[in-house]
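Below is start28.tsv, holding TSV, C-alpha atoms and all ligand atoms.
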```
chain	number	residue	atom	x	y	z
A	214	GLY	CA	106.30	69.99	-9.02
A	215	ASN	CA	105.78	66.51	-10.39
A	216	GLY	CA	106.82	64.69	-7.28
A	217	ALA	CA	110.34	64.04	-8.40
A	218	ARG	CA	112.80	66.83	-7.92
A	219	ASN	CA	115.39	67.80	-10.41
A	220	VAL	CA	118.88	67.14	-9.19
A	221	THR	CA	120.65	70.44	-8.83
A	222	ASP	CA	124.29	70.91	-9.77
A	223	ALA	CA	125.09	71.87	-6.21
A	224	GLU	CA	123.64	68.63	-4.90
A	225	LYS	CA	125.57	66.46	-7.24
A	226	GLY	CA	128.68	68.60	-7.42
A	227	GLU	CA	128.73	68.13	-11.17
A	228	LYS	CA	126.72	69.07	-14.21
A	229	MET	CA	123.68	66.94	-14.75
A	230	ASP	CA	121.11	66.54	-17.48
A	231	ALA	CA	117.85	68.33	-16.71
A	232	SER	CA	115.97	65.21	-17.80
A	233	VAL	CA	117.37	63.32	-14.84
A	234	SER	CA	115.59	63.19	-11.51
A	235	ARG	CA	116.20	61.15	-8.44
A	236	ILE	CA	114.26	59.01	-6.04
A	237	LEU	CA	112.90	60.93	-3.08
A	238	VAL	CA	113.71	59.12	0.13
A	239	PHE	CA	111.77	59.54	3.37
A	240	VAL	CA	112.10	57.91	6.76
A	241	ARG	CA	109.21	57.36	9.15
A	242	LEU	CA	109.77	56.49	12.77
A	243	ARG	CA	106.88	54.74	14.50
A	244	PRO	CA	106.01	55.27	18.18
A	245	MET	CA	107.37	52.83	20.77
A	246	GLY	CA	104.98	49.93	21.25
A	247	LYS	CA	103.46	48.96	24.57
A	248	LYS	CA	105.40	45.68	24.72
A	249	GLU	CA	108.64	47.41	23.91
A	250	LYS	CA	108.13	49.90	26.73
A	251	GLU	CA	107.30	47.09	29.14
A	252	ASN	CA	110.40	45.06	28.42
A	253	GLY	CA	112.65	48.02	29.01
A	254	SER	CA	113.94	48.71	25.55
A	255	ARG	CA	115.36	52.16	25.02
A	256	CYS	CA	114.73	54.60	22.26
A	257	CYS	CA	117.70	54.60	19.89
A	258	VAL	CA	116.41	56.91	17.16
A	259	LYS	CA	115.91	60.63	17.29
A	260	ILE	CA	114.60	62.82	14.47
A	261	LEU	CA	115.37	66.51	14.38
A	262	ASN	CA	114.37	69.32	12.01
A	263	LYS	CA	112.15	66.90	10.07
A	264	ARG	CA	115.28	65.83	8.18
A	265	ASP	CA	118.04	64.53	10.42
A	266	VAL	CA	118.00	61.03	11.83
A	267	TYR	CA	120.32	60.14	14.72
A	268	LEU	CA	120.81	56.49	15.47
A	269	THR	CA	122.43	55.60	18.78
A	270	GLU	CA	124.16	52.31	19.37
A	271	PHE	CA	124.07	51.09	22.94
A	272	THR	CA	126.08	48.34	24.52
A	273	ASN	CA	124.83	46.28	27.39
A	274	GLU	CA	127.93	44.19	27.88
A	275	ASN	CA	128.49	45.14	31.50
A	276	ASP	CA	125.18	45.94	32.98
A	277	TYR	CA	121.90	45.53	31.19
A	278	LEU	CA	120.24	48.27	33.17
A	279	ARG	CA	122.98	50.80	32.59
A	280	LEU	CA	123.27	50.79	28.85
A	281	LYS	CA	126.35	52.51	27.59
A	282	ARG	CA	126.16	54.76	24.60
A	283	LEU	CA	128.58	53.50	21.97
A	284	ARG	CA	128.24	55.92	19.13
A	285	VAL	CA	125.76	58.01	17.21
A	286	ARG	CA	125.30	57.87	13.46
A	287	HIS	CA	123.74	60.67	11.49
A	288	PHE	CA	121.65	60.38	8.33
A	289	THR	CA	119.72	62.93	6.37
A	290	PHE	CA	116.77	62.48	3.98
A	291	ASP	CA	114.34	64.54	1.93
A	292	SER	CA	112.12	64.49	5.00
A	293	SER	CA	112.17	62.39	8.12
A	294	PHE	CA	108.98	61.88	10.07
A	295	PRO	CA	109.11	61.69	13.87
A	296	GLU	CA	106.70	59.37	15.69
A	297	THR	CA	104.09	62.13	16.11
A	298	THR	CA	103.60	62.60	12.36
A	299	THR	CA	100.04	62.07	11.12
A	300	GLN	CA	99.01	59.85	8.22
A	301	GLN	CA	97.83	62.94	6.34
A	302	GLU	CA	101.21	64.63	6.76
A	303	VAL	CA	103.03	61.56	5.49
A	304	TYR	CA	100.67	61.37	2.55
A	305	SER	CA	100.92	65.05	1.57
A	306	THR	CA	104.70	65.18	1.83
A	307	THR	CA	105.47	61.92	0.06
A	308	THR	CA	102.66	61.19	-2.38
A	309	GLY	CA	100.46	64.27	-2.90
A	310	ASP	CA	102.47	65.59	-5.84
A	311	LEU	CA	102.57	62.18	-7.49
A	312	VAL	CA	98.79	62.00	-7.58
A	313	GLY	CA	98.68	65.30	-9.46
A	314	ALA	CA	101.30	63.98	-11.88
A	315	VAL	CA	99.36	60.76	-12.49
A	316	LEU	CA	96.36	62.86	-13.53
A	317	GLU	CA	98.61	64.48	-16.12
A	318	GLY	CA	99.44	61.06	-17.54
A	319	ARG	CA	102.71	60.38	-15.74
A	320	ASN	CA	103.74	57.31	-13.79
A	321	GLY	CA	104.53	57.36	-10.11
A	322	SER	CA	105.40	54.87	-7.47
A	323	VAL	CA	105.78	54.85	-3.72
A	324	PHE	CA	107.21	52.00	-1.75
A	325	CYS	CA	107.51	51.31	1.92
A	326	TYR	CA	110.26	49.13	3.16
A	327	GLY	CA	111.71	48.14	6.49
A	328	ALA	CA	111.69	45.26	8.93
A	329	THR	CA	108.53	43.44	10.01
A	330	GLY	CA	106.77	45.52	12.63
A	331	ALA	CA	108.40	48.79	11.55
A	332	GLY	CA	105.13	50.30	10.30
A	333	LYS	CA	104.96	49.64	6.55
A	334	THR	CA	101.38	48.40	6.44
A	335	TYR	CA	100.29	51.11	8.85
A	336	THR	CA	101.81	53.69	6.50
A	337	MET	CA	100.44	52.21	3.29
A	338	LEU	CA	97.04	50.85	4.25
A	339	GLY	CA	96.50	52.16	7.79
A	340	THR	CA	93.40	51.47	9.82
A	341	MET	CA	89.74	52.45	9.37
A	342	GLU	CA	90.28	55.35	11.82
A	343	ASN	CA	93.66	56.35	10.42
A	344	PRO	CA	93.75	55.45	6.74
A	345	GLY	CA	97.17	55.36	5.12
A	346	VAL	CA	98.78	56.48	1.87
A	347	MET	CA	96.83	54.07	-0.39
A	348	VAL	CA	93.48	55.31	0.81
A	349	LEU	CA	94.43	58.99	1.11
A	350	ALA	CA	95.88	58.91	-2.42
A	351	ILE	CA	92.66	57.56	-3.87
A	352	LYS	CA	90.59	60.05	-1.88
A	353	ASP	CA	92.74	62.89	-3.18
A	354	LEU	CA	92.59	61.49	-6.69
A	355	PHE	CA	88.79	61.49	-6.68
A	356	ALA	CA	88.74	65.03	-5.28
A	357	LYS	CA	91.05	66.21	-8.06
A	358	VAL	CA	89.04	64.33	-10.67
A	359	ARG	CA	85.86	66.02	-9.47
A	360	GLN	CA	87.50	69.43	-9.78
A	361	ARG	CA	88.45	68.66	-13.33
A	362	SER	CA	85.59	66.53	-14.57
A	363	LEU	CA	84.13	69.43	-16.57
A	364	ASP	CA	86.96	69.49	-19.06
A	365	GLY	CA	87.23	65.79	-19.74
A	366	ASN	CA	86.52	62.25	-18.68
A	367	HIS	CA	88.50	60.22	-16.21
A	368	LEU	CA	88.45	56.49	-15.74
A	369	VAL	CA	89.99	55.07	-12.59
A	370	HIS	CA	90.94	51.41	-12.39
A	371	LEU	CA	92.51	49.59	-9.47
A	372	SER	CA	94.37	46.35	-9.16
A	373	TYR	CA	95.87	44.88	-6.04
A	374	LEU	CA	98.34	42.04	-6.20
A	375	GLU	CA	100.77	40.11	-4.07
A	376	VAL	CA	104.18	38.62	-4.74
A	377	TYR	CA	104.85	35.77	-2.36
A	378	ASN	CA	107.55	33.19	-2.88
A	379	GLU	CA	107.96	34.28	-6.50
A	380	THR	CA	104.27	33.74	-7.16
A	381	VAL	CA	102.05	36.61	-8.24
A	382	ARG	CA	98.48	36.51	-6.94
A	383	ASP	CA	95.46	38.72	-7.44
A	384	LEU	CA	94.36	40.09	-4.07
A	385	LEU	CA	91.02	41.30	-5.38
A	386	SER	CA	90.03	37.94	-6.79
A	387	PRO	CA	92.26	35.23	-5.36
A	388	GLY	CA	92.74	32.22	-7.55
A	389	ARG	CA	95.41	30.80	-9.75
A	390	PRO	CA	98.83	32.47	-9.85
A	391	LEU	CA	99.23	35.13	-12.52
A	392	ILE	CA	101.79	35.15	-15.30
A	393	LEU	CA	103.84	38.27	-15.99
A	394	ARG	CA	104.18	39.56	-19.53
A	395	GLU	CA	106.00	42.46	-21.09
A	396	ASP	CA	104.02	44.87	-23.23
A	397	LYS	CA	104.53	48.41	-24.45
A	398	GLN	CA	103.32	49.86	-21.14
A	399	GLY	CA	105.74	47.73	-19.14
A	400	THR	CA	105.24	44.54	-17.19
A	401	VAL	CA	101.65	43.37	-16.85
A	402	ALA	CA	100.15	40.47	-14.93
A	403	ALA	CA	97.90	38.61	-17.35
A	404	GLY	CA	94.34	38.24	-16.11
A	405	LEU	CA	94.71	40.63	-13.19
A	406	THR	CA	91.40	42.13	-12.06
A	407	GLN	CA	91.05	45.75	-13.13
A	408	TYR	CA	88.50	47.12	-10.72
A	409	ARG	CA	86.57	50.17	-11.85
A	410	ALA	CA	86.52	52.52	-8.87
A	411	TYR	CA	83.90	55.19	-8.26
A	412	SER	CA	84.26	56.26	-4.65
A	413	THR	CA	86.70	56.27	-1.74
A	414	ASP	CA	84.53	54.38	0.77
A	415	GLU	CA	84.19	51.47	-1.54
A	416	VAL	CA	87.95	51.43	-2.11
A	417	MET	CA	88.85	51.31	1.60
A	418	ALA	CA	86.64	48.26	2.10
A	419	LEU	CA	88.09	46.69	-1.02
A	420	LEU	CA	91.68	47.18	0.13
A	421	GLN	CA	90.99	45.86	3.62
A	422	ARG	CA	89.48	42.76	2.08
A	423	GLY	CA	92.40	42.44	-0.31
A	424	ASN	CA	94.84	42.75	2.55
A	425	GLN	CA	93.15	39.87	4.33
A	426	ASN	CA	93.91	37.79	1.26
A	427	ARG	CA	97.63	38.34	1.72
A	428	THR	CA	99.57	35.21	2.44
A	429	THR	CA	100.08	34.44	6.12
A	430	GLU	CA	103.21	32.55	6.92
A	431	PRO	CA	102.46	29.16	8.40
A	432	THR	CA	105.36	29.44	10.83
A	433	ARG	CA	104.47	32.87	12.13
A	434	CYS	CA	100.71	32.80	12.24
A	435	ASN	CA	100.19	36.11	13.97
A	436	GLU	CA	102.73	37.89	11.77
A	437	THR	CA	100.69	38.32	8.63
A	438	SER	CA	102.31	39.04	5.34
A	439	SER	CA	105.85	39.54	6.60
A	440	ARG	CA	107.20	37.93	3.45
A	441	SER	CA	104.66	39.02	0.91
A	442	HIS	CA	104.86	42.18	-1.16
A	443	ALA	CA	101.56	43.94	-1.85
A	444	ILE	CA	101.22	46.26	-4.83
A	445	LEU	CA	98.26	48.52	-5.46
A	446	GLN	CA	98.11	49.93	-8.95
A	447	VAL	CA	95.89	52.86	-9.75
A	448	ILE	CA	95.47	53.56	-13.44
A	449	VAL	CA	93.91	56.83	-14.47
A	450	GLU	CA	92.84	57.42	-18.01
A	451	TYR	CA	91.96	60.96	-18.92
A	452	LYS	CA	90.25	61.83	-22.17
A	453	THR	CA	89.89	65.33	-23.44
A	454	ARG	CA	89.61	67.13	-26.76
A	455	ASP	CA	92.17	69.40	-28.31
A	456	ALA	CA	91.39	72.55	-30.34
A	457	SER	CA	90.64	70.51	-33.48
A	458	MET	CA	88.30	68.26	-31.50
A	459	ASN	CA	90.65	65.29	-31.62
A	460	ILE	CA	90.32	63.09	-28.58
A	461	ILE	CA	93.51	63.05	-26.55
A	462	SER	CA	93.98	60.16	-24.16
A	463	ARG	CA	96.44	60.26	-21.28
A	464	VAL	CA	97.15	57.32	-19.03
A	465	GLY	CA	98.94	57.67	-15.70
A	466	LYS	CA	99.81	54.83	-13.38
A	467	LEU	CA	100.41	55.07	-9.65
A	468	SER	CA	101.93	52.06	-7.90
A	469	LEU	CA	101.77	51.89	-4.11
A	470	ILE	CA	103.88	49.13	-2.66
A	471	ASP	CA	104.01	47.53	0.78
A	472	LEU	CA	107.20	45.47	0.66
A	473	ALA	CA	107.91	42.31	2.63
A	474	GLY	CA	109.88	42.60	5.86
A	475	SER	CA	113.48	43.37	5.03
A	476	GLU	CA	115.00	41.82	8.18
A	477	ARG	CA	116.53	38.79	6.58
A	478	ALA	CA	117.02	39.78	2.99
A	479	LEU	CA	118.43	43.27	2.73
A	480	ALA	CA	121.83	42.37	4.10
A	481	THR	CA	124.35	45.15	4.03
A	482	ASP	CA	127.49	43.29	3.10
A	483	GLN	CA	128.11	41.17	0.04
A	484	ARG	CA	129.12	38.07	1.98
A	485	THR	CA	125.87	37.91	3.90
A	486	LEU	CA	124.01	38.59	0.68
A	487	ARG	CA	125.69	35.62	-1.00
A	488	SER	CA	125.06	33.24	1.87
A	489	LEU	CA	121.41	34.20	1.82
A	490	GLU	CA	121.10	33.52	-1.85
A	491	GLY	CA	121.40	29.79	-1.38
A	492	ALA	CA	118.68	29.68	1.23
A	493	ASN	CA	115.12	30.13	0.16
A	494	ILE	CA	115.05	33.68	1.42
A	495	ASN	CA	112.94	36.33	-0.19
A	496	ARG	CA	114.37	36.31	-3.67
A	497	SER	CA	112.46	39.39	-4.68
A	498	LEU	CA	114.02	41.51	-1.95
A	499	LEU	CA	117.48	40.24	-2.77
A	500	ALA	CA	116.89	41.09	-6.40
A	501	LEU	CA	115.67	44.53	-5.35
A	502	SER	CA	118.91	45.20	-3.49
A	503	SER	CA	120.94	44.00	-6.49
A	504	CYS	CA	118.97	46.32	-8.77
A	505	ILE	CA	119.48	49.25	-6.41
A	506	ASN	CA	123.21	48.52	-6.31
A	507	ALA	CA	123.39	48.30	-10.11
A	508	LEU	CA	121.38	51.52	-10.52
A	509	VAL	CA	123.57	53.37	-8.02
A	510	GLU	CA	126.71	52.18	-9.74
A	511	GLY	CA	125.28	53.31	-13.08
A	512	LYS	CA	125.54	49.82	-14.61
A	513	LYS	CA	124.18	49.36	-18.10
A	514	HIS	CA	122.47	46.09	-17.30
A	515	ILE	CA	120.06	46.19	-14.38
A	516	PRO	CA	118.94	42.68	-13.37
A	517	PHE	CA	115.21	43.42	-13.27
A	518	ARG	CA	114.38	39.98	-14.61
A	519	ASN	CA	115.81	38.21	-11.57
A	520	SER	CA	112.56	38.31	-9.62
A	521	LYS	CA	108.86	38.92	-9.94
A	522	LEU	CA	109.00	42.04	-7.78
A	523	THR	CA	111.77	43.73	-9.76
A	524	GLN	CA	110.03	42.80	-13.02
A	525	LEU	CA	106.91	44.55	-11.75
A	526	LEU	CA	108.88	47.55	-10.49
A	527	LYS	CA	110.98	47.91	-13.63
A	528	ASP	CA	109.23	51.01	-14.90
A	529	SER	CA	109.19	52.47	-11.39
A	530	LEU	CA	112.92	52.17	-10.83
A	531	GLY	CA	114.53	52.24	-14.22
A	532	GLY	CA	111.97	53.91	-16.42
A	533	SER	CA	110.39	57.26	-16.62
A	534	CYS	CA	108.61	57.61	-13.31
A	535	ASN	CA	108.39	59.69	-10.17
A	536	THR	CA	109.57	57.39	-7.42
A	537	VAL	CA	109.35	57.75	-3.66
A	538	MET	CA	110.71	55.45	-0.99
A	539	ILE	CA	109.51	55.49	2.58
A	540	ALA	CA	111.77	53.65	4.98
A	541	ASN	CA	109.94	52.58	8.12
A	542	ILE	CA	111.84	52.18	11.37
A	543	SER	CA	111.17	51.26	14.98
A	544	PRO	CA	112.60	53.38	17.82
A	545	SER	CA	113.47	50.39	19.99
A	546	SER	CA	117.08	49.58	20.85
A	547	GLN	CA	116.09	45.95	20.35
A	548	SER	CA	115.62	46.65	16.66
A	549	PHE	CA	118.92	48.50	16.32
A	550	GLY	CA	120.40	46.12	13.74
A	551	GLU	CA	117.33	46.20	11.52
A	552	THR	CA	117.05	49.97	11.81
A	553	GLN	CA	120.70	50.44	10.91
A	554	ASN	CA	120.23	48.18	7.92
A	555	THR	CA	117.11	50.03	6.75
A	556	LEU	CA	118.82	53.42	7.10
A	557	HIS	CA	121.81	52.12	5.16
A	558	TRP	CA	119.60	51.13	2.21
A	559	ALA	CA	117.57	54.33	2.40
A	560	ASP	CA	120.81	56.29	2.30
A	561	ARG	CA	121.97	54.32	-0.71
A	562	ALA	CA	118.66	54.75	-2.53
A	563	LYS	CA	119.27	58.52	-2.53
A	564	GLU	CA	121.93	57.91	-5.18
A	565	ILE	CA	119.59	56.32	-7.70
A	566	ARG	CA	119.06	58.51	-10.73
A	567	LEU	CA	115.94	58.25	-12.88
A	568	LYS	CA	114.77	59.54	-16.18
A	569	GLN	CA	112.39	62.46	-15.73
A	570	SER	CA	108.82	61.20	-16.02
A	571	GLU	CA	107.11	61.70	-19.35
A	572	VAL	CA	103.46	62.16	-20.18
A	573	ASN	CA	101.89	59.01	-21.62
A	574	GLU	CA	99.68	60.53	-24.26
A	575	GLU	CA	98.12	59.44	-27.49
A	576	MET	CA	95.67	60.90	-29.95
A	577	VAL	CA	92.53	58.95	-30.65
A	578	GLN	CA	91.16	59.11	-34.25
A	579	VAL	CA	88.77	61.97	-34.96
A	580	GLY	CA	85.18	60.80	-34.76
A	581	GLU	CA	85.85	57.93	-32.41
A	582	GLU	CA	82.95	57.95	-30.02
A	583	GLU	CA	83.23	58.12	-26.31
A	584	GLY	CA	81.00	55.33	-25.10
A	585	PRO	CA	78.00	55.61	-22.79
A	586	ASP	CA	80.26	54.13	-20.09
A	587	GLN	CA	82.15	57.35	-19.83
A	588	ALA	CA	79.03	59.45	-19.52
A	589	LYS	CA	77.87	57.13	-16.76
A	590	LEU	CA	81.20	57.41	-14.99
A	591	LEU	CA	81.08	61.17	-15.18
A	592	LEU	CA	77.64	61.16	-13.58
A	593	GLU	CA	78.81	58.79	-10.85
A	594	LEU	CA	81.79	60.96	-10.11
A	595	GLN	CA	79.66	64.05	-9.84
A	596	LYS	CA	77.31	62.27	-7.46
A	597	GLU	CA	80.06	61.22	-5.06
B	1	LIG	P1	104.90	46.18	9.18
B	1	LIG	O1	103.83	46.22	8.14
B	1	LIG	O2	106.11	46.95	8.80
B	1	LIG	O3	105.24	44.78	9.58
B	1	LIG	P2	102.88	47.37	10.86
B	1	LIG	O4	102.47	48.46	9.97
B	1	LIG	O5	102.00	46.17	10.90
B	1	LIG	O6	104.36	46.90	10.51
B	1	LIG	O7	103.12	47.99	12.31
B	1	LIG	C1	103.39	47.21	13.47
B	1	LIG	C2	102.52	47.72	14.61
B	1	LIG	O8	102.85	49.06	14.96
B	1	LIG	C3	101.05	47.71	14.28
B	1	LIG	O9	100.34	47.35	15.43
B	1	LIG	C4	100.77	49.14	13.91
B	1	LIG	O10	99.42	49.50	14.14
B	1	LIG	C5	101.71	49.91	14.80
B	1	LIG	N1	102.18	51.17	14.14
B	1	LIG	C6	103.04	51.23	13.12
B	1	LIG	N2	103.28	52.51	12.76
B	1	LIG	C7	102.53	53.27	13.59
B	1	LIG	C8	102.35	54.70	13.73
B	1	LIG	N3	102.96	55.57	12.93
B	1	LIG	N4	101.51	55.12	14.71
B	1	LIG	C9	100.88	54.24	15.51
B	1	LIG	N5	101.02	52.91	15.42
B	1	LIG	C10	101.84	52.42	14.48
B	2	MG	MG	102.98	44.59	7.12
```

Could you rewrite the structure in this file as structure tokens?
Amino acid sequence: GNGARNVTDAEKGEKMDASVSRILVFVRLRPMGKKEKENGSRCCVKILNKRDVYLTEFTNENDYLRLKRLRVRHFTFDSSFPETTTQQEVYSTTTGDLVGAVLEGRNGSVFCYGATGAGKTYTMLGTMENPGVMVLAIKDLFAKVRQRSLDGNHLVHLSYLEVYNETVRDLLSPGRPLILREDKQGTVAAGLTQYRAYSTDEVMALLQRGNQNRTTEPTRCNETSSRSHAILQVIVEYKTRDASMNIISRVGKLSLIDLAGSERALATDQRTLRSLEGANINRSLLALSSCINALVEGKKHIPFRNSKLTQLLKDSLGGSCNTVMIANISPSSQSFGETQNTLHWADRAKEIRLKQSEVNEEMVQVGEEEGPDQAKLLLELQKE
């Protein structure tokens, strides 16, 4: 498959166009933290059959130590990952297919969302010992490129950027804020570093460094990047020749997104949403929830232009793209409200319909030379 699944008639209960696909939505539960265990919080989330999520609401009105079970809510997703799930499993289930599709010249995007501390950065970036989706995707990409390098040339470019307070910054070469422009490939950040990548090791170090450049909130010094969105873009250009020796160029783009903490911005009800709008709360996340609402309701106008994040995600949400959402949640009863909120949005995101991804392909004029750069790249790739 190409990552996105066709919506079947049975699923929708109505006839649907075969060119329509939907967002795949996954939930990942992180293990209970040491602190949480120590302060007596209870586990309020249970995942069964790798699909079903049960969220229990407790009340502690009478006796803190004898929490009373109020009610249990049930949600179901494409896959739900219990706390024992490995990084590799998360990667293969959510993103593996998208990497294959990007090599064919399609676009794909994966975003993690959830409250601060729910495990987004762990899932996306991970640690040196347990690398996350970003690193595993690039590793897999290079492996697939190596398998195929005999029948063509691949160029892999990376860019890593941050949206913080409606300012776009280059995480690979921090400096002045970047300006967004629209071009035929979608929204681009002018002047963004396009890093030519040759090997996985180099990329891990690069991403770790980039992550350290993410904005730390002055008020919450040890909570890095809770309000900044980080976007890694991997652009793969594949050149090959057809039967008449014309050079065919395909360009696929994979966007991997670690969203800001959703605790204050992704309010469930409209009234809270409105009251937040006045405050200088994360405008990009608010805009994202408005876009999701508009997409779900099948509105003609989707307000992508309302924020930097939604402008950047326009071709991931509204265009022709394979899109995956990973909702990260904590098991602690102390995070019940945030978890409920995250599951609500994840549930809603299941309704978003997308255009089936297309191959971005163009024919290069006969006789146009492939530069020495490409030969060098091919050699480098074979060495790795
Ligand atoms: P977020 O980016 O959503 O704010 P983090 O990814 O920083 O949250 O996770 C918060 C803490 O929980 C970190 O210390 C992280 O290492 C740990 N953590 C998150 N998910 C997992 C997991 N699946 N397994 C082990 N530890 C995790
Ligand atoms: Mg984080």

Review point. Which value, in Å to one decimal, gives the distance between CA of Leu384 in chain A and CA of Ser502 in chain A?
Key: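 Atom-to-atom, CA of Leu384 in chain A and CA of Ser502 in chain A are spaced 25.1 Å apart.
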
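Selecting by distance to (95.4, 56.3, -4.8) with a limit of 9 Å and using all atoms listed in the file, one obtains Val312, Val346, Met347, Val348, Leu349, Ala350, Ile351, Lys352, Asp353, Leu354, Phe355, Leu371, Leu445, Gln446, Val447, Leu467, Ser468 and Leu469 of chain A.
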
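Distance annotation: of A:Asn554, A:Thr272, A:Ser439, A:Thr336, the residue with the minimal separation from ligand MG 2 (chain B) is A:Ser439; atom set is all atoms listed in the file.
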
Exercise for review: Could you please extract the residues within 12 Å of ligand MG 2 (chain B), counting all atoms listed in the file, and hand them back as a ChimeraX atom specification?
Suggested key: /A:325-339,424-425,427-429,435-443,470-475,541

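Candidate residues A:Lys527, A:Arg566, A:Arg561, A:His287 were compared for distance to Ala540 in chain A, and the nearest is A:Arg561, using all atoms listed in the file.
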
So that all listed atoms of ligand LIG 1 (chain B) fit with 3 Å spare on each side, what axis-aligned box centre and edge lengths in Å, to one decimal, would you give as lines of an AutoDock Vina configuration file?
```
center_x = 102.8
center_y = 50.2
center_z = 11.8
size_x = 12.7
size_y = 16.8
size_z = 13.4
```

Review point. Between A:Gly423, A:Gly550, A:Gly313, A:Pro344, which is the closest to ligand LIG 1 (chain B) once you count all atoms listed in the file?
Key: A:Pro344

I want to know what sits within 7 Å of Pro390 in chain A, based on only C-alpha atoms, with residues of the same chain fewer than 6 positions away left out; could you give that as a PDB file with C-alpha atoms, in the coordinates of the input?
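Dumped to around.pdb:
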```
ATOM      1  CA  THR A 380     104.270  33.740  -7.160  1.00  0.00           C
ATOM      2  CA  VAL A 381     102.050  36.610  -8.240  1.00  0.00           C
ATOM      3  CA  ARG A 382      98.480  36.510  -6.940  1.00  0.00           C
TER       4      ARG A 382
END
```

Point to revise | Radius query 6 Å about (117.5, 45.9, -10.0), atoms used: all atoms listed in the file, as a list in words | key: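 It turns out the residues near that spot are Leu501, Ser503, Cys504, Ile505, Ile515, Pro516 and Phe517 of chain A.
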
Check your understanding: Of the candidates A:Arg394, A:Arg422, A:Arg264, A:Arg255, which one gets nearest to Phe549 in chain A if we count all atoms listed in the file?
Key -> A:Arg255

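For the residues A:Glu342, A:Glu296, A:Glu379, A:Glu395, ranking by smallest atom-to-atom distance to ligand LIG 1 (chain B) using all atoms listed in the file places A:Glu296 first.
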
Point to revise | Spatial neighbours of Ser293 in chain A, 9 Å, all atoms listed in the file, chain gap at least 2 places, as a list in words | key: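 Residues near the query, excluding close chain neighbours: Val238, Phe239, Val240, Arg241, Leu242, Ile260, Leu261, Asn262, Lys263, Arg264, Asp265, Val266, Thr289, Phe290, Asp291 and Pro295 of chain A.
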
May I have the residues from that selection written out with C-alpha atoms, as a short mmCIF file (atom, residue, chain, number, x, y, z; two decimals), in the frame of the given file?
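In the end it all went to part.cif:
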```
data_model
loop_
_atom_site.label_atom_id
_atom_site.label_comp_id
_atom_site.auth_asym_id
_atom_site.auth_seq_id
_atom_site.Cartn_x
_atom_site.Cartn_y
_atom_site.Cartn_z
CA VAL A 238 113.71 59.12 0.13
CA PHE A 239 111.77 59.54 3.37
CA VAL A 240 112.10 57.91 6.76
CA ARG A 241 109.21 57.36 9.15
CA LEU A 242 109.77 56.49 12.77
CA ILE A 260 114.60 62.82 14.47
CA LEU A 261 115.37 66.51 14.38
CA ASN A 262 114.37 69.32 12.01
CA LYS A 263 112.15 66.90 10.07
CA ARG A 264 115.28 65.83 8.18
CA ASP A 265 118.04 64.53 10.42
CA VAL A 266 118.00 61.03 11.83
CA THR A 289 119.72 62.93 6.37
CA PHE A 290 116.77 62.48 3.98
CA ASP A 291 114.34 64.54 1.93
CA PRO A 295 109.11 61.69 13.87
#
```

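Counting all atoms listed in the file, the residue from A:Val509, A:Met341, A:Val315, A:Ile448 that sits nearest to ligand LIG 1 (chain B) is A:Met341.
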
Practice item. With a distance cut-off of 7 Å and all atoms listed in the file, select the neighbouring residues of Pro544 in chain A, excluding the residue or stretch itself and same-chain residues fewer than 5 positions from it, and output the selection as a list in words. Key: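 Counting only the stated atoms, we get Leu242, Arg243, Pro244, Met245, Cys256, Cys257 and Val258 of chain A.
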
Check your understanding: Could you pull the residues within 10 Å of His370 in chain A, counting all atoms listed in the file, minus those fewer than 5 positions along the same chain, as a ChimeraX atom specification?
Key -> /A:406-411,446-450,466

**Study point:** Gap from atom P2 of ligand LIG 1 (chain B) to CA of Glu251 in chain A - Å, one decimal
**Key:**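 Interatomic distance, atom P2 of ligand LIG 1 (chain B) to CA of Glu251 in chain A: 18.8 Å.
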
**Study point:** d(CA of Val376 in chain A, CA of Asn426 in chain A) in Å
**Key:**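 Computing it gives 11.9 Å between the two atoms.
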